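> Okay, here's the structure, questions in a sec.
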Amino acid sequence: MAAPVMHTPRNVDIEITSFCNLHCAYCSHFSGPGDVKEDLPLEAWLQFFSELGRCNTMKVTLSGGEPFSRPDLRAIILAIVTNRMRFTILSNGTLIDNEMAAFLAETGRCDLVQVSIDGAIDTTHDAFRGEGNFMKAIRGIHALQANRLPVSVRVTIHRRNVLELEAIAEFLLEDLELPSFSTNSASHMGLCRKNAALTQLTVEEHSLAMETLLALAARYKGRINASAGPLADAQFWLEMEHCRRENRERPAGRGFLTGCSGPMQTIAIRADGVIVPCSQLSHLTLGRINQDDLGEIWRHHQSLEHLRNRSRISLSDFSFCQDCPYTSYCTGNCPAIAYSLTGKIDHPSPDACLRKFLIQGGRLPGVSCTYES
Amino acid sequence: MTVSPLQSIIIDMSEHHKKGFVANPKVVLREEFDNSAILFDPETGNTFGINPIGVIVWKHLNGLNNLADIADIVCERADAVHSDVMSDIEAFMQNAVDLGLASYKVK
């Protein structure tokens with residue numbers, strides 16, 4: 001029996017523009033199918049937000065490109081408010097000034113503004129984001145804080161900042177007094193595919209990042225989190241290793257491609273108005289806003305149904321997973337990275353494979369663990 | 001005689017039996033897949049789960065129906081007895097008013 005599906009999506013992720021004032025070396029947006037030449041005009045978005053209002057969607061996440069590069073962003077946000085939704089904005093922070101922050105605060109509907117900060121000092125942050133952008137982003141954070149907006153930081157861990165993680169945590173949590181920040185790492189999508197050797201962590205660096213981040217997460221309890229990247233890997237892989245050592249029974253939801261529950265609650269829209277399951281699966285077109293009925297697509301589109309049913313595919317069916325001692329404890333992780341690396345959505349992500357990591361000489365923090373094939 | 005806060009609420013509610021209730025127009029009703037539903041207040045971001053009876057009640061908070069009218073509608077739709085549902089509806093409405101999800105219609 002198919003998993004029950006909500007009548008309409010609860011959350012919608014929108015790339016409100018494809019334009020960005022920066023061109024970061026590991027950006028997942030550029031050079032992918034979502035990197036479209038022209039943005040939709042304001043009128044098209046206003047029409048779509050009315051549809052979201054009728055769908056009783058609760059939350060919109062605006063990303064890009066850089067959302068604050070749109071001169072009509074205020075009208076876009078007011079339409080979100082008018083249609084009874086709340087919003088989150090993902091930004092590089094460089095274009096946020098006090099006036100804009102005050103406007104966001106006045107709406108009373110802003111759940112979060114997430115700003116990307118990759119270093120404790122300008123040279124680290126600017127190494128891949130461009131000179132002068134560290135100070136601009138910090139000014140943006142100060143403007144958000146001055147207007148009492150919920151602000152968080154996302155740190156993308158890469159080869160140039162992996163030795164600076166402790167200083168970054170101190171800077172963000174103590175100097176800037178942010179309540180928390182999250183981490184991920186440069187992953188094999190978008191521009192990072194071209195710049196992998198420059199940006200993506202080696203196995204040794206990944207091991208080091210996991211160890212450092214776990215220690216920092218323990219030091220700053222509950223204030224450093226991750227759903228991808230070295231910290232998430234450390235937490236998940238350690239649990240898998242403990243399960244293996246204790247020969248535990250397969251936990252619920254493990255042993256199958258259950259690494260992504262996004263399509264159960266969320267759908268995404270590219271900057272050109274094409275509806276996709278996720279911004280990271282922007283090649284998988286489901287329809288177009290203002291032409292196709294969003295609710296119909298949400299409930300009945302075969303591709304979405306297929307993604308929702310990935311959770312029935314057993315990892316033991318893959319030759320990639322044959323003889324792996326972790327198969328019963330694994331979820332296969334992110335389908336978008338699996339697609340980027342293998343060309344297949346219905347495949348475990350090789351990037352998140354603990355066995356592969358150990359074979360390549362990776363270390364799990366705090367446990368002596370080597371893999372012998 | 002002193003009146004406890006709880007008693008005063010009950011008294012207030014009984015006074016409003018004859019008045020219409022109106023849903024806060026900003027609050028969103030999301031009916032999900034399994035007869036469950038949530039009320040979402042975008043002003044606060046809070047969500048509140050409601051059952052199928054709550055959904056019937058919510059859909060009739062148009063300012064025209066008082067508690068007795070709504071109880072009649074619930075009895076008709078849910079095959080229930082008026083006296084059984086009245087106290088539940090009163091409690092539901094009291095919560096909804098307290099949480100800013102609904103109000104008494106001002107004439």
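Identifiers in this document derive from the order of the structure tokens: chains are assigned A, B, ..., residues are numbered from 1 separately in each chain, and ligands are numbered from 1 in order of occurrence.
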Quick check for you: according to DSSP on this backbone, which residues of chain B are classed as helix (DSSP H, G or I)? Reply as JSON, numbers by chain.
{"B": [5, 6, 7, 8, 9, 10, 11, 12, 13, 14, 15, 16, 17, 18, 52, 53, 54, 55, 56, 57, 58, 59, 67, 68, 69, 70, 71, 72, 73, 74, 75, 76, 77, 78, 82, 83, 84, 85, 86, 87, 88, 89, 90, 91, 92, 93, 94, 95, 96, 97, 98]}
> Give me, as an mmCIF file with N, CA and C atoms, in the first residue's frame, all polymer residues having an atom no more than 8 Å from Pro277 in chain A, counting only C-alpha atoms and skipping those fewer than 5 positions away in the same chain.

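What ended up in selection.cif:
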```cif
data_model
loop_
_atom_site.group_PDB
_atom_site.id
_atom_site.type_symbol
_atom_site.label_atom_id
_atom_site.label_comp_id
_atom_site.auth_asym_id
_atom_site.auth_seq_id
_atom_site.Cartn_x
_atom_site.Cartn_y
_atom_site.Cartn_z
ATOM 1 N N PRO A 263 10.059 14.547 -0.059
ATOM 2 C CA PRO A 263 8.864 14.557 -0.912
ATOM 3 C C PRO A 263 7.554 14.272 -0.169
ATOM 4 N N THR A 266 7.400 18.461 1.237
ATOM 5 C CA THR A 266 7.954 19.651 0.568
ATOM 6 C C THR A 266 8.082 19.434 -0.926
ATOM 7 N N ILE A 267 7.858 20.515 -1.673
ATOM 8 C CA ILE A 267 8.102 20.501 -3.112
ATOM 9 C C ILE A 267 8.918 21.747 -3.421
ATOM 10 N N ALA A 268 9.527 21.792 -4.599
ATOM 11 C CA ALA A 268 10.418 22.929 -4.891
ATOM 12 C C ALA A 268 10.091 23.533 -6.260
ATOM 13 N N SER A 282 16.940 19.219 -9.650
ATOM 14 C CA SER A 282 16.281 20.225 -10.495
ATOM 15 C C SER A 282 16.129 19.774 -11.944
ATOM 16 N N LEU A 284 14.550 17.035 -12.629
ATOM 17 C CA LEU A 284 13.359 16.182 -12.607
ATOM 18 C C LEU A 284 12.105 17.055 -12.668
ATOM 19 N N THR A 285 11.725 17.461 -13.862
ATOM 20 C CA THR A 285 10.639 18.442 -13.995
ATOM 21 C C THR A 285 9.275 17.771 -13.839
ATOM 22 N N LEU A 286 8.419 18.413 -13.035
ATOM 23 C CA LEU A 286 7.087 17.877 -12.747
ATOM 24 C C LEU A 286 5.984 18.700 -13.398
ATOM 25 N N LEU A 304 7.015 11.919 -8.373
ATOM 26 C CA LEU A 304 6.953 12.140 -6.922
ATOM 27 C C LEU A 304 6.585 10.842 -6.202
#
```
> At a cut-off of 6 Å, list the chain B residues touching chain A, using only C-alpha atoms, as a PyMOL selection string.
chain B and resi 32-33+42
> How would the residues just chosen look if you wrote them out with C-alpha atoms as a PDB file, in the first residue's frame?

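Saved file again.pdb follows:
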```
ATOM      1  CA  GLU B  32      -4.477  15.961   5.857  1.00  0.00           C
ATOM      2  CA  PHE B  33      -4.733  12.432   4.553  1.00  0.00           C
ATOM      3  CA  PRO B  42       0.869  32.139  10.572  1.00  0.00           C
TER       4      PRO B  42
END
```
> List the neighbours of range 176-179 of chain A out to 7 Å using only C-alpha atoms; skip same-chain residues closer than 5 positions along the sequence, and give me the result as a PyMOL selection string.
chain A and resi 152+171+223
> Using Å and a single decimal, report how far CA of Ile337 in chain A sits from CA of Lys194 in chain A.
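Separation between CA of Lys194 in chain A and CA of Ile337 in chain A: 14.9 Å.
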> Select from range 60-199 of chain A everything DSSP, run on the backbone, classes as strand (DSSP E or B), then give the selection as number ranges by chain.
A: 60-63, 86-91, 110-116, 151-157, 181-185
> Can you list, as number ranges by chain, every protein, DNA or RNA residue that comes within 7 Å of Ser207 in chain A when you count only C-alpha atoms, leaving out same-chain residues fewer than 2 positions away?
A: 203-205, 209-211, 362-364
> Sort by chain and increasing residue number a table of all residues of range 39-62 of chain B within 8 Å of range 73-94 of chain B, each with its closest pair of atoms and their distance in Å to one decimal, counting only C-alpha atoms, and write it as CSV.

```
residue,atom,partner,partner_atom,distance
B:Ile53,CA,B:Val74,CA,6.8
B:Gly54,CA,B:Phe92,CA,7.5
B:Ile56,CA,B:Val74,CA,6.6
B:Val57,CA,B:Val74,CA,7.1
```
> With N, CA, C and O atoms retained, write the just-selected residues as an mmCIF file, in the first residue's frame.

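Output (result.cif):
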```cif
data_model
loop_
_atom_site.group_PDB
_atom_site.id
_atom_site.type_symbol
_atom_site.label_atom_id
_atom_site.label_comp_id
_atom_site.auth_asym_id
_atom_site.auth_seq_id
_atom_site.Cartn_x
_atom_site.Cartn_y
_atom_site.Cartn_z
ATOM 1 N N ILE B 53 -14.404 16.164 14.237
ATOM 2 C CA ILE B 53 -15.479 17.001 14.795
ATOM 3 C C ILE B 53 -15.017 18.459 14.838
ATOM 4 O O ILE B 53 -15.780 19.389 14.501
ATOM 5 N N GLY B 54 -13.761 18.651 15.228
ATOM 6 C CA GLY B 54 -13.196 20.006 15.252
ATOM 7 C C GLY B 54 -13.228 20.645 13.876
ATOM 8 O O GLY B 54 -13.455 21.848 13.744
ATOM 9 N N ILE B 56 -15.447 20.059 11.525
ATOM 10 C CA ILE B 56 -16.835 20.474 11.254
ATOM 11 C C ILE B 56 -17.122 21.790 11.969
ATOM 12 O O ILE B 56 -17.676 22.730 11.388
ATOM 13 N N VAL B 57 -16.727 21.852 13.231
ATOM 14 C CA VAL B 57 -16.958 23.076 14.006
ATOM 15 C C VAL B 57 -16.272 24.258 13.321
ATOM 16 O O VAL B 57 -16.882 25.302 13.087
#
```
> With only C-alpha atoms as the counted atoms, please give the residues lying no more than 10 Å from Ile50 in chain B, apart from itself and same-chain residues fewer than 2 positions off, as a count of residues only.
16
